[in-house]
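Enquirer: The structure under discussion is supplied below as structure tokens; questions concerning it will follow.
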Amino acid sequence: MKLETLTIHEIVDLLKNKEISYSEVVDSVLKQIEGQNEKYGAYLYTDPDGVREQAKALDDKGVTPQNPLYGIPYGLKDNFCTDHMPMTCASKMLENFRPPYNATAYESIKNAGGILLGKTNMDEFAMGSSTETSYFKVTKNPWDLTKVPGGSSGGSAAAVAANMAYYSLGTDTGGSIRQPSSFCATVGLKPTYGLVSRYGVTAFASSFDQVGPITKDITDCALVLNAIAGHDAKDTTSLNLDKKDYTQCLTKDIKGLKVGICDSFMGDNLQPEIRAAIDAAIEVYRDLGAEIVPVCAQFLDHALAAYYIISSAEASTNMSRYDGVRYGYRAEDYNDLEEMYNKTRSEGFGLEVKRRIILGSYVLSSGYYDAYYNKATRVRTMIREDFNRMFDSCDVLLTPTTANTAFGLGERTDDPLAMYLTDVYTVPANIVGAPALSMPCGFDKNGLPIGLQLMGPVLCEETILKAAFAFESATDFHTQQPKID
Amino acid sequence: MDYEIVIGMEIHVEMATKTKLFCNCTTEFGGNENTHACPICLAMPGTLPVLNEKVLDFAIKAGLALNCEIQHYSKFDRKNYFYPDLPKAYQTSQFYYPICKDGYVEIEAGGKKKKIGITRIHIEEDAGKLLHESVDGTLLDANRCGVPLVEIVSEPDIRSAEEAQVFAEKVRNILEYTGVSDCKMEEGSLRFDVNLSIREKGAEAFGTRTEMKNLNSFRALGRAVQYESKRQVIDIKKGREIIQETRKWDDVKGVSSAMRSKEEAHDYRYFPEPDLVPIILSEERIEEARRTLPELPEAKQARYVRDYGLPQYDAEVLTASKATSQFFEKTVALYDEPKQISNWIMVEIPPFLKEKEISIEEIPFQPEDLVELLTLIQKGKISGKIGKKVLSLMFEESAGSPSQIVEENQWAQMSDAGELSDIIAKIIDENQKSLDDIAKGNKKAYGYLTGQVMKATKGQANPQLANQLIREMVEKKLNSRD
């Protein structure tokens, strides 16, 4: 039995029945990491000895899993703080930074008994759509070593796709969980803004950033969401709601569910195989008894521009704390404070981060604020209204996650605009703060995964999960494995 | 040509909360460097601010005390600039929607009353402290990072150094009473920025202004305004252009000098702080703050005049600081002689405070002790003159109670009529000449007899009693002669 290919819920059943030990579970993925990480570059840091010790301790105690994540090894994107591992955000700026505190999402999983394998690669400070802006290494797509895994949570998606983790956590600011999930055939959920605490997760664009799970199937997605969702007094933007069990909604019955489809998401630039896969998915839903409703979303035209203005504005000031004064990288030679700042930040940040800082500073600067930042926030409000109006006539919106399957390594690194356009279908959910999920729905002619995105109104995770679960139950895309030697 | 000074002030006031604005670190003054600092204070990645609700209540109270309109909706913004004492490289402040607006303070300067408008009050965080003296270069102490402040912004209604000082003192006085700040100038709890310009008297338009930041005493404030206004007037008279700039006030040299010009000024790139939700204040919460607002100086003055029958002057002096009024009120509650107490607090006590260089909070005795002293005088146990000597000893360390001091120094007056009568009888017998003089109508001889009695009792005879007894006994003697 290839344990590492199983899902969380399958593993937990085996653990409960004492058919396997915790050590076998961690060994299964550690073996994968030891054998494959050099090739795929999913992890920046792992702690195999610590992981084995934790598993052995559980075996020695002979405990049965006390909840669905108990003893299950997972990966964290390297922008989550944990007090026993480095946290680099894949940046030279934080190469030697060790936080003395824990992200709340990590604490939640720790309390649920999860075992942290290590930190996964990402675009520097989560800015990018291919994980290529990482200062440390390139992550490759497990389905095709010449392709990118997507980004910015590329390491987290690749780790799950290549069975180097049973699940992982990522962050999604403009699609950073969903787009790599689409490229790697994993399930990725960006929850409603405020559902999961942002405390201890390095900020990129604070009003968009959301933590979410990357898993192998929908059931696992619900299980991880159960653990991480909830109010946190350390994050005042987190929502104070009653705890839910997101597995409760996983029924296959979606009769009468109104699935919205929208022409604006199916434009001419959509890869034909993706269009075909989406059309086929629509048919699956029709067969399951869902009502297919054409809807109109005018917002898409302006979403990307508004997103890049607001997110860069927030990013520019979130990045300001990396000044070489208290922690992180500091330039070696300087004569005065100004030079220390200039050299530290010039040498410590990569090109993409600098681009966003400059863009963000520009749109906030006096004389341009109204024309850019202010206008973008007004567009944001309009998009929110448009989005809500759309959900008057449907329960979920079905779209492709991306317009193309995974592109080649290096293909878009010199063309930032092409890279930004990768996010066009994913940013609306972040602008609105609404939940959205990507799941596999097919493969292109080169065998590269195609992602289907389901969006819902704010706090309608259950509707999305229910719709996703029904689709997953009727198809077998999620069971496909990349060819790994 | 007559010129007019136009001043607007910004007053930064440290709130007296126990913990910081966005984390649980203590705001206590004087801890070892970086011992009152956490990952949030140090702006480590992923940390988030959590608003200290207490600061809101304090800011509401400050606003109410300064006659402001409290805003039901306000929020935080980021003020972006790089400096090593500002860990996030932005100060979390309120720019677009401050918590209080449109207030005023009434001041009296140059014998005239006037209102100084308050444009706004907003909440913001303090920065850290840079220690430049180190041989290793500059060091950062983050203890002050995130200490809650309110910034009070005045209208450009101030017209002289005196008005500026009176306004600043009045604001300090009011805020001290509300309890939202300890207003300790020496700990930097109160700092003033002055925006100053000059225009021809009667002109409508404002002149070009300069800004002087971080003046930390009333004296520095007054001197800085005087210097800077003179400098500007001279420049204008000489036809030199005033440059809009930030100037540094050097209190030692007594001069201001250019720091940075408008061109070099920061573009703070203010924008809404996405890490904090807007502040929504209910009417109930504002009313609750209004209800729990302590009695402010002006109300107190009116009450002192009305209930204690004190002159307005006394009322003003006694309410000039919260501690003075507290001392007065505690004393008067125990001893119902307001004017007498007022005199002692206003006249007798201050010289000792000055001599010992202490404030009224630091008086080494309690209102109860003052009452004891006043009672000793009232009962004739000691004279008023001895009372002042007792008071001086009460300021000494390890001084006993007033009664103990009197006893130790044997300052008690001889108030026993029997004992005194014997002494007086003897003196009258020994001074028949005085008796004769009095009989002839020379009343001055009484004074001589009193002097003799005081001499015989080493000054401890109760003078009123002695005088009374002398008169009685002399008259008796003279009557028996007839």
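Residues are named by chain letter and number: chains run A, B, ... in the order of the structure tokens, numbers start at 1 in each chain, and ligands are numbered from 1 in the order shown.
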Can you list every residue of chain A that has an atom at most 8 Å from chain B, with its nearest atom pair and the distance in Å to one decimal, using only C-alpha atoms, ordered by chain then number, as a Markdown table?
Expert:
```
| residue | atom | partner | partner_atom | distance |
| --- | --- | --- | --- | --- |
| A:Phe80 | CA | B:Gly46 | CA | 7.7 |
| A:Cys81 | CA | B:Gly46 | CA | 7.3 |
| A:Pro99 | CA | B:Met44 | CA | 7.7 |
| A:Pro100 | CA | B:Pro39 | CA | 7.8 |
| A:Tyr101 | CA | B:Pro39 | CA | 7.9 |
| A:Ala103 | CA | B:Gly46 | CA | 7.6 |
| A:Arg198 | CA | B:Gly46 | CA | 7.3 |
| A:Tyr199 | CA | B:Gly46 | CA | 5.7 |
| A:Gly200 | CA | B:Gly46 | CA | 4.0 |
| A:Val201 | CA | B:Gly46 | CA | 4.3 |
| A:Thr202 | CA | B:Gly46 | CA | 3.9 |
| A:Ala203 | CA | B:Gly46 | CA | 5.7 |
| A:Ser206 | CA | B:Pro274 | CA | 5.8 |
| A:Ser207 | CA | B:Pro274 | CA | 5.4 |
| A:Ala233 | CA | B:Val50 | CA | 7.8 |
| A:Lys234 | CA | B:Val50 | CA | 6.3 |
| A:Asp235 | CA | B:Leu48 | CA | 6.2 |
| A:Thr236 | CA | B:Val50 | CA | 6.1 |
| A:Thr237 | CA | B:Val277 | CA | 6.3 |
| A:Glu314 | CA | B:Pro274 | CA | 8.0 |
| A:Thr317 | CA | B:Asn80 | CA | 7.0 |
| A:Asn318 | CA | B:Lys88 | CA | 7.8 |
| A:Ser320 | CA | B:Ala89 | CA | 5.5 |
| A:Arg321 | CA | B:Lys88 | CA | 4.5 |
| A:Val325 | CA | B:Pro84 | CA | 6.4 |
| A:Arg326 | CA | B:Leu42 | CA | 7.4 |
| A:Ser361 | CA | B:Arg269 | CA | 7.4 |
| A:Leu364 | CA | B:Arg269 | CA | 5.2 |
| A:Ser365 | CA | B:Arg269 | CA | 5.2 |
| A:Ser366 | CA | B:Asp267 | CA | 6.5 |
```
Enquirer: I want to know what sits within 7 Å of Leu175 in chain B, based on only C-alpha atoms, with residues of the same chain fewer than 5 positions away left out; could you give that as a CSV table (one decimal) with N, CA and C atoms, in the first residue's frame?
Expert:
```csv
chain,number,residue,atom,x,y,z
B,62,ALA,N,-11.3,62.7,27.0
B,62,ALA,CA,-10.5,63.9,26.6
B,62,ALA,C,-11.3,64.8,25.7
B,180,VAL,N,-7.1,61.0,32.2
B,180,VAL,CA,-6.7,60.2,31.0
B,180,VAL,C,-5.2,60.3,30.8
B,181,SER,N,-4.6,61.2,31.5
B,181,SER,CA,-3.1,61.3,31.4
B,181,SER,C,-2.6,61.7,32.7
```
Enquirer: Find the residues near Leu318 in chain B: any atom within 10 Å, counting only C-alpha atoms, skip ones fewer than 3 places away on the same chain, and give them as a list in words.
Expert: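 The residues that qualify are Pro297, Lys300, Gln301, Tyr304, Gln312, Tyr313, Asp314, Ala315, Ser321, Lys322, Ala323, Thr324, Ser325, Gln326, Phe327, Phe328, Glu329, Ser342, Ile345 and Met346 of chain B.
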Enquirer: What is the CA of Tyr40 in chain A-CA of Glu273 in chain A distance in Å, reported with one decimal?
Expert: 25.9 Å
Enquirer: Residues at most 10 Å from Thr475 in chain A, counting only C-alpha atoms, excluding those fewer than 4 positions away in the same chain, as a list in words?
Expert: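 Listing them by chain and then by number gives Ala281, Val284, Pro440, Cys441, Gly442, Phe469, Ala470, Phe471 and Thr479 of chain A.
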Enquirer: Write out the residues from the selection above, keeping N, CA and C atoms, as an mmCIF file, in the first residue's frame.
Expert:
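Printed below is result-v7.cif as written:
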```
data_model
loop_
_atom_site.group_PDB
_atom_site.id
_atom_site.type_symbol
_atom_site.label_atom_id
_atom_site.label_comp_id
_atom_site.auth_asym_id
_atom_site.auth_seq_id
_atom_site.Cartn_x
_atom_site.Cartn_y
_atom_site.Cartn_z
ATOM 1 N N ALA A 281 -17.965 19.914 -17.139
ATOM 2 C CA ALA A 281 -18.310 20.026 -15.718
ATOM 3 C C ALA A 281 -19.747 20.527 -15.570
ATOM 4 N N VAL A 284 -21.970 17.735 -15.968
ATOM 5 C CA VAL A 284 -21.987 16.887 -14.761
ATOM 6 C C VAL A 284 -22.989 17.473 -13.761
ATOM 7 N N PRO A 440 -9.696 19.821 -9.242
ATOM 8 C CA PRO A 440 -9.371 19.314 -10.575
ATOM 9 C C PRO A 440 -10.631 18.927 -11.351
ATOM 10 N N CYS A 441 -10.636 19.257 -12.655
ATOM 11 C CA CYS A 441 -11.798 18.898 -13.483
ATOM 12 C C CYS A 441 -11.388 18.412 -14.856
ATOM 13 N N GLY A 442 -10.107 18.062 -15.013
ATOM 14 C CA GLY A 442 -9.686 17.550 -16.312
ATOM 15 C C GLY A 442 -8.197 17.772 -16.531
ATOM 16 N N PHE A 469 -18.196 18.683 -3.524
ATOM 17 C CA PHE A 469 -18.227 17.274 -3.130
ATOM 18 C C PHE A 469 -19.077 16.452 -4.103
ATOM 19 N N ALA A 470 -20.178 17.030 -4.526
ATOM 20 C CA ALA A 470 -21.048 16.335 -5.480
ATOM 21 C C ALA A 470 -20.307 16.080 -6.791
ATOM 22 N N PHE A 471 -19.579 17.104 -7.256
ATOM 23 C CA PHE A 471 -18.818 16.962 -8.501
ATOM 24 C C PHE A 471 -17.721 15.915 -8.336
ATOM 25 N N THR A 479 -8.469 11.558 -8.197
ATOM 26 C CA THR A 479 -7.716 10.339 -7.879
ATOM 27 C C THR A 479 -6.487 10.172 -8.773
#
```
Enquirer: As a ChimeraX atom specification, please: every residue in range 293-430 of chain B that DSSP puts in helix (DSSP H, G or I).
Expert: /B:297-308,312-318,322-334,338-356,360-362,367-378,384-394,402-408,417-430
Enquirer: I need the chosen residues saved as a short mmCIF file (atom, residue, chain, number, x, y, z; two decimals), in the first residue's frame, with C-alpha atoms.
Expert:
```
data_model
loop_
_atom_site.label_atom_id
_atom_site.label_comp_id
_atom_site.auth_asym_id
_atom_site.auth_seq_id
_atom_site.Cartn_x
_atom_site.Cartn_y
_atom_site.Cartn_z
CA PRO B 297 -11.53 72.83 37.02
CA GLU B 298 -14.10 75.43 36.01
CA ALA B 299 -16.96 73.57 37.67
CA LYS B 300 -14.82 73.11 40.73
CA GLN B 301 -14.03 76.82 40.94
CA ALA B 302 -17.70 77.69 40.77
CA ARG B 303 -18.43 75.19 43.53
CA TYR B 304 -15.64 76.51 45.79
CA VAL B 305 -17.02 80.02 45.47
CA ARG B 306 -20.62 78.88 45.99
CA ASP B 307 -20.24 76.24 48.70
CA TYR B 308 -17.14 77.38 50.57
CA GLN B 312 -12.66 83.49 42.87
CA TYR B 313 -8.91 84.04 43.13
CA ASP B 314 -8.57 81.36 45.82
CA ALA B 315 -10.75 78.98 43.81
CA GLU B 316 -8.50 79.39 40.77
CA VAL B 317 -5.29 78.86 42.70
CA LEU B 318 -6.67 75.81 44.50
CA LYS B 322 -5.62 68.27 40.47
CA ALA B 323 -3.35 67.45 43.40
CA THR B 324 -3.84 70.87 45.00
CA SER B 325 -7.60 70.65 44.75
CA GLN B 326 -7.52 67.13 46.12
CA PHE B 327 -5.41 68.25 49.06
CA PHE B 328 -7.75 71.13 49.70
CA GLU B 329 -10.90 69.01 49.44
CA LYS B 330 -9.59 66.31 51.76
CA THR B 331 -8.60 68.93 54.32
CA VAL B 332 -11.82 70.86 54.15
CA ALA B 333 -13.79 67.65 54.58
CA LEU B 334 -12.13 67.17 57.96
CA PRO B 338 -12.31 76.74 53.98
CA LYS B 339 -10.77 80.18 53.93
CA GLN B 340 -8.26 79.34 56.65
CA ILE B 341 -7.26 76.15 54.84
CA SER B 342 -7.08 78.03 51.56
CA ASN B 343 -4.70 80.54 53.12
CA TRP B 344 -2.42 77.84 54.40
CA ILE B 345 -2.38 75.99 51.07
CA MET B 346 -1.94 79.17 49.04
CA VAL B 347 0.41 81.13 51.28
CA GLU B 348 2.15 79.01 53.88
CA ILE B 349 2.81 75.73 52.08
CA PRO B 350 4.18 76.91 48.67
CA PRO B 351 7.49 78.35 50.00
CA PHE B 352 8.35 74.94 51.44
CA LEU B 353 7.45 73.19 48.18
CA LYS B 354 9.77 75.54 46.39
CA GLU B 355 12.53 75.10 48.92
CA LYS B 356 12.28 71.31 48.85
CA ILE B 360 2.07 69.06 46.12
CA GLU B 361 1.66 65.30 45.46
CA GLU B 362 4.94 64.77 47.24
CA PRO B 367 -4.37 66.50 55.01
CA GLU B 368 -5.12 64.99 58.46
CA ASP B 369 -1.83 66.41 59.74
CA LEU B 370 -2.64 69.88 58.47
CA VAL B 371 -6.01 69.63 60.21
CA GLU B 372 -4.25 68.65 63.42
CA LEU B 373 -2.01 71.68 63.13
CA LEU B 374 -4.92 74.03 62.47
CA THR B 375 -6.82 72.55 65.41
CA LEU B 376 -3.84 73.13 67.70
CA ILE B 377 -3.83 76.79 66.69
CA GLN B 378 -7.59 77.12 66.94
CA GLY B 384 -0.15 81.01 64.69
CA LYS B 385 3.50 81.98 64.65
CA ILE B 386 4.55 78.73 66.29
CA GLY B 387 2.19 76.99 63.87
CA LYS B 388 4.35 78.12 60.96
CA LYS B 389 7.42 76.76 62.71
CA VAL B 390 5.61 73.45 63.20
CA LEU B 391 4.71 73.41 59.50
CA SER B 392 8.34 73.86 58.53
CA LEU B 393 9.28 70.84 60.61
CA MET B 394 6.43 68.84 59.10
CA PRO B 402 2.13 68.30 64.68
CA SER B 403 1.33 67.45 68.34
CA GLN B 404 4.55 65.50 68.66
CA ILE B 405 6.52 68.35 67.13
CA VAL B 406 4.95 70.82 69.58
CA GLU B 407 5.69 68.54 72.49
CA GLU B 408 9.27 67.75 71.47
CA ALA B 417 -5.49 80.30 83.52
CA GLY B 418 -4.57 79.29 87.10
CA GLU B 419 -0.88 78.90 86.38
CA LEU B 420 -0.77 82.10 84.32
CA SER B 421 -2.69 84.02 86.98
CA ASP B 422 -0.02 83.24 89.55
CA ILE B 423 2.73 84.51 87.26
CA ILE B 424 0.74 87.62 86.33
CA ALA B 425 -0.08 88.39 89.95
CA LYS B 426 3.61 88.25 90.77
CA ILE B 427 4.53 90.52 87.88
CA ILE B 428 1.83 93.05 88.77
CA ASP B 429 3.13 93.10 92.32
CA GLU B 430 6.65 93.71 91.06
#
```
Enquirer: Return the single residue from B:Gly451, B:Gly8, B:Gly202, B:Gly459 that is closest to Ser160 in chain B, with distances computed using only C-alpha atoms.
Expert: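 Residue with the minimum atom-to-atom distance to Ser160 in chain B: B:Gly8.
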Enquirer: Please provide the set of residues having any atom within 12 Å of Asp414 in chain A, restricted to only C-alpha atoms, with same-chain residues fewer than 5 positions apart removed, written as a PyMOL selection string.
Expert: chain A and resi 132-133+351-352+409+419-420
Enquirer: If we count only C-alpha atoms, what is near range 227-238 of chain B at a cut-off of 12 Å, once residues fewer than 6 positions away on the same chain are taken out, given as a PDB file with N, CA and C atoms, in the first residue's frame?
Expert:
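The result, stored in result_38.pdb:
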```pdb
ATOM      1  N   MET B   1       4.473  99.591  10.926  1.00  0.00           N
ATOM      2  CA  MET B   1       3.560  98.476  10.614  1.00  0.00           C
ATOM      3  C   MET B   1       3.432  97.557  11.830  1.00  0.00           C
ATOM      4  N   ASP B   2       2.194  97.204  12.170  1.00  0.00           N
ATOM      5  CA  ASP B   2       1.967  96.287  13.280  1.00  0.00           C
ATOM      6  C   ASP B   2       1.817  94.863  12.765  1.00  0.00           C
ATOM      7  N   TYR B   3       2.420  93.943  13.461  1.00  0.00           N
ATOM      8  CA  TYR B   3       2.316  92.549  13.042  1.00  0.00           C
ATOM      9  C   TYR B   3       1.567  91.739  14.084  1.00  0.00           C
ATOM     10  N   GLU B   4       0.993  90.689  13.603  1.00  0.00           N
ATOM     11  CA  GLU B   4       0.220  89.813  14.465  1.00  0.00           C
ATOM     12  C   GLU B   4       0.790  88.390  14.358  1.00  0.00           C
ATOM     13  N   ILE B   5       0.909  87.741  15.507  1.00  0.00           N
ATOM     14  CA  ILE B   5       1.409  86.358  15.515  1.00  0.00           C
ATOM     15  C   ILE B   5       0.207  85.421  15.397  1.00  0.00           C
ATOM     16  N   VAL B   6       0.309  84.444  14.543  1.00  0.00           N
ATOM     17  CA  VAL B   6      -0.772  83.459  14.406  1.00  0.00           C
ATOM     18  C   VAL B   6      -0.200  82.075  14.732  1.00  0.00           C
ATOM     19  N   ILE B   7      -0.810  81.447  15.745  1.00  0.00           N
ATOM     20  CA  ILE B   7      -0.273  80.156  16.189  1.00  0.00           C
ATOM     21  C   ILE B   7      -1.370  79.104  16.250  1.00  0.00           C
ATOM     22  N   ARG B 159      -2.538  83.996  19.666  1.00  0.00           N
ATOM     23  CA  ARG B 159      -1.956  85.234  19.138  1.00  0.00           C
ATOM     24  C   ARG B 159      -0.711  85.721  19.883  1.00  0.00           C
ATOM     25  N   SER B 160      -0.286  84.987  20.905  1.00  0.00           N
ATOM     26  CA  SER B 160       0.911  85.437  21.633  1.00  0.00           C
ATOM     27  C   SER B 160       1.542  84.257  22.369  1.00  0.00           C
ATOM     28  N   ALA B 161       2.776  84.483  22.817  1.00  0.00           N
ATOM     29  CA  ALA B 161       3.463  83.457  23.598  1.00  0.00           C
ATOM     30  C   ALA B 161       2.680  83.188  24.876  1.00  0.00           C
ATOM     31  N   VAL B 194       4.384  73.593  17.566  1.00  0.00           N
ATOM     32  CA  VAL B 194       3.843  74.936  17.330  1.00  0.00           C
ATOM     33  C   VAL B 194       3.950  75.288  15.850  1.00  0.00           C
ATOM     34  N   ASN B 195       2.829  75.662  15.264  1.00  0.00           N
ATOM     35  CA  ASN B 195       2.824  76.198  13.902  1.00  0.00           C
ATOM     36  C   ASN B 195       2.652  77.693  14.012  1.00  0.00           C
ATOM     37  N   LEU B 196       3.628  78.422  13.514  1.00  0.00           N
ATOM     38  CA  LEU B 196       3.631  79.867  13.748  1.00  0.00           C
ATOM     39  C   LEU B 196       3.841  80.645  12.459  1.00  0.00           C
ATOM     40  N   SER B 197       3.040  81.679  12.297  1.00  0.00           N
ATOM     41  CA  SER B 197       3.252  82.584  11.168  1.00  0.00           C
ATOM     42  C   SER B 197       2.960  84.012  11.623  1.00  0.00           C
ATOM     43  N   ILE B 198       3.357  84.926  10.783  1.00  0.00           N
ATOM     44  CA  ILE B 198       3.193  86.355  11.074  1.00  0.00           C
ATOM     45  C   ILE B 198       2.395  86.986   9.944  1.00  0.00           C
ATOM     46  N   ARG B 199       1.499  87.912  10.299  1.00  0.00           N
ATOM     47  CA  ARG B 199       0.830  88.675   9.246  1.00  0.00           C
ATOM     48  C   ARG B 199       0.613  90.099   9.744  1.00  0.00           C
ATOM     49  N   GLU B 200       0.341  90.959   8.803  1.00  0.00           N
ATOM     50  CA  GLU B 200       0.040  92.341   9.189  1.00  0.00           C
ATOM     51  C   GLU B 200      -1.252  92.329   9.975  1.00  0.00           C
ATOM     52  N   GLY B 207       0.195  84.162   6.952  1.00  0.00           N
ATOM     53  CA  GLY B 207       1.549  84.194   6.422  1.00  0.00           C
ATOM     54  C   GLY B 207       2.077  82.767   6.271  1.00  0.00           C
ATOM     55  N   THR B 208       3.297  82.657   5.729  1.00  0.00           N
ATOM     56  CA  THR B 208       3.909  81.330   5.628  1.00  0.00           C
ATOM     57  C   THR B 208       4.305  80.868   7.016  1.00  0.00           C
ATOM     58  N   ARG B 209       3.991  79.620   7.328  1.00  0.00           N
ATOM     59  CA  ARG B 209       4.224  79.170   8.703  1.00  0.00           C
ATOM     60  C   ARG B 209       5.445  78.257   8.807  1.00  0.00           C
ATOM     61  N   THR B 210       6.004  78.242  10.000  1.00  0.00           N
ATOM     62  CA  THR B 210       7.039  77.269  10.310  1.00  0.00           C
ATOM     63  C   THR B 210       6.503  76.385  11.435  1.00  0.00           C
ATOM     64  N   GLU B 211       7.094  75.222  11.562  1.00  0.00           N
ATOM     65  CA  GLU B 211       6.655  74.320  12.619  1.00  0.00           C
ATOM     66  C   GLU B 211       7.824  73.989  13.537  1.00  0.00           C
ATOM     67  N   MET B 212       7.583  74.068  14.835  1.00  0.00           N
ATOM     68  CA  MET B 212       8.594  73.633  15.807  1.00  0.00           C
ATOM     69  C   MET B 212       8.013  72.456  16.564  1.00  0.00           C
ATOM     70  N   ALA B 220       9.822  76.276  27.607  1.00  0.00           N
ATOM     71  CA  ALA B 220      10.379  76.119  26.261  1.00  0.00           C
ATOM     72  C   ALA B 220       9.370  76.596  25.225  1.00  0.00           C
ATOM     73  N   LEU B 221       8.104  76.274  25.466  1.00  0.00           N
ATOM     74  CA  LEU B 221       7.052  76.696  24.544  1.00  0.00           C
ATOM     75  C   LEU B 221       7.012  78.216  24.430  1.00  0.00           C
ATOM     76  N   GLN B 244       8.539  77.876   4.354  1.00  0.00           N
ATOM     77  CA  GLN B 244       7.753  76.865   5.071  1.00  0.00           C
ATOM     78  C   GLN B 244       8.662  75.691   5.394  1.00  0.00           C
ATOM     79  N   THR B 246      10.208  72.873   8.824  1.00  0.00           N
ATOM     80  CA  THR B 246      10.188  72.399  10.202  1.00  0.00           C
ATOM     81  C   THR B 246      11.465  72.900  10.859  1.00  0.00           C
ATOM     82  N   ARG B 247      11.317  73.526  12.018  1.00  0.00           N
ATOM     83  CA  ARG B 247      12.481  74.065  12.709  1.00  0.00           C
ATOM     84  C   ARG B 247      12.674  73.376  14.044  1.00  0.00           C
ATOM     85  N   LYS B 248      13.916  73.309  14.432  1.00  0.00           N
ATOM     86  CA  LYS B 248      14.256  72.656  15.685  1.00  0.00           C
ATOM     87  C   LYS B 248      14.504  73.734  16.726  1.00  0.00           C
ATOM     88  N   TRP B 249      13.867  73.582  17.889  1.00  0.00           N
ATOM     89  CA  TRP B 249      14.081  74.545  18.965  1.00  0.00           C
ATOM     90  C   TRP B 249      15.175  74.018  19.887  1.00  0.00           C
ATOM     91  N   ASP B 250      16.228  74.816  20.054  1.00  0.00           N
ATOM     92  CA  ASP B 250      17.303  74.452  20.967  1.00  0.00           C
ATOM     93  C   ASP B 250      17.101  75.248  22.249  1.00  0.00           C
ATOM     94  N   ASP B 251      16.634  74.582  23.289  1.00  0.00           N
ATOM     95  CA  ASP B 251      16.250  75.291  24.510  1.00  0.00           C
ATOM     96  C   ASP B 251      17.475  75.777  25.287  1.00  0.00           C
ATOM     97  N   LYS B 253      20.425  76.850  23.847  1.00  0.00           N
ATOM     98  CA  LYS B 253      20.936  78.058  23.180  1.00  0.00           C
ATOM     99  C   LYS B 253      19.843  79.113  23.029  1.00  0.00           C
ATOM    100  N   GLY B 254      18.605  78.685  23.135  1.00  0.00           N
ATOM    101  CA  GLY B 254      17.491  79.621  22.999  1.00  0.00           C
ATOM    102  C   GLY B 254      17.276  80.096  21.575  1.00  0.00           C
ATOM    103  N   VAL B 255      17.576  79.212  20.605  1.00  0.00           N
ATOM    104  CA  VAL B 255      17.358  79.592  19.198  1.00  0.00           C
ATOM    105  C   VAL B 255      16.672  78.443  18.450  1.00  0.00           C
ATOM    106  N   SER B 256      15.985  78.824  17.364  1.00  0.00           N
ATOM    107  CA  SER B 256      15.420  77.794  16.490  1.00  0.00           C
ATOM    108  C   SER B 256      16.238  77.760  15.214  1.00  0.00           C
ATOM    109  N   SER B 257      16.328  76.581  14.598  1.00  0.00           N
ATOM    110  CA  SER B 257      17.086  76.487  13.350  1.00  0.00           C
ATOM    111  C   SER B 257      16.367  75.537  12.398  1.00  0.00           C
ATOM    112  N   ALA B 258      16.586  75.739  11.113  1.00  0.00           N
ATOM    113  CA  ALA B 258      15.873  74.961  10.082  1.00  0.00           C
ATOM    114  C   ALA B 258      16.244  73.490  10.157  1.00  0.00           C
TER     115      ALA B 258
END
```
Enquirer: For Ile152 in chain B, which of B:Leu465, B:Ala456, B:Ala439, B:Ala168 is the closest residue, counting only C-alpha atoms?
Expert: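 Using only C-alpha atoms, Ile152 in chain B sits closest to B:Ala168.
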Enquirer: Going by DSSP on the backbone, which bits of range 52-150 of chain B are strand (DSSP E or B)? Write them as a VMD selection string, please.
Expert: chain B and resid 69 to 70 73 to 74 77 to 80 90 to 93 100 to 109 112 to 125 129 to 131 139 to 141 148 to 150
Enquirer: For a quick check of understanding, using only C-alpha atoms, which of A:Pro272, A:Gly350, A:Pro294, A:Gly35 has the smallest distance to Val259 in chain A?
Expert: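 Closest candidate: A:Pro294.
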Enquirer: Compare B:Glu287, B:Glu357, B:Asp336, B:Glu125 by their minimum atom-to-atom distance to Phe395 in chain B, counting only C-alpha atoms, and give me the closest one.
Expert: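 So, comparing all the options, the nearest one is B:Glu357.
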Enquirer: Skipping near chain neighbours, those fewer than 4 positions away, what residues fall within 12 Å of range 246-252 of chain A using only C-alpha atoms, listed as a VMD selection string?
Expert: chain A and resid 9 68 191 217 to 229 257 285 288 to 290 459 to 474
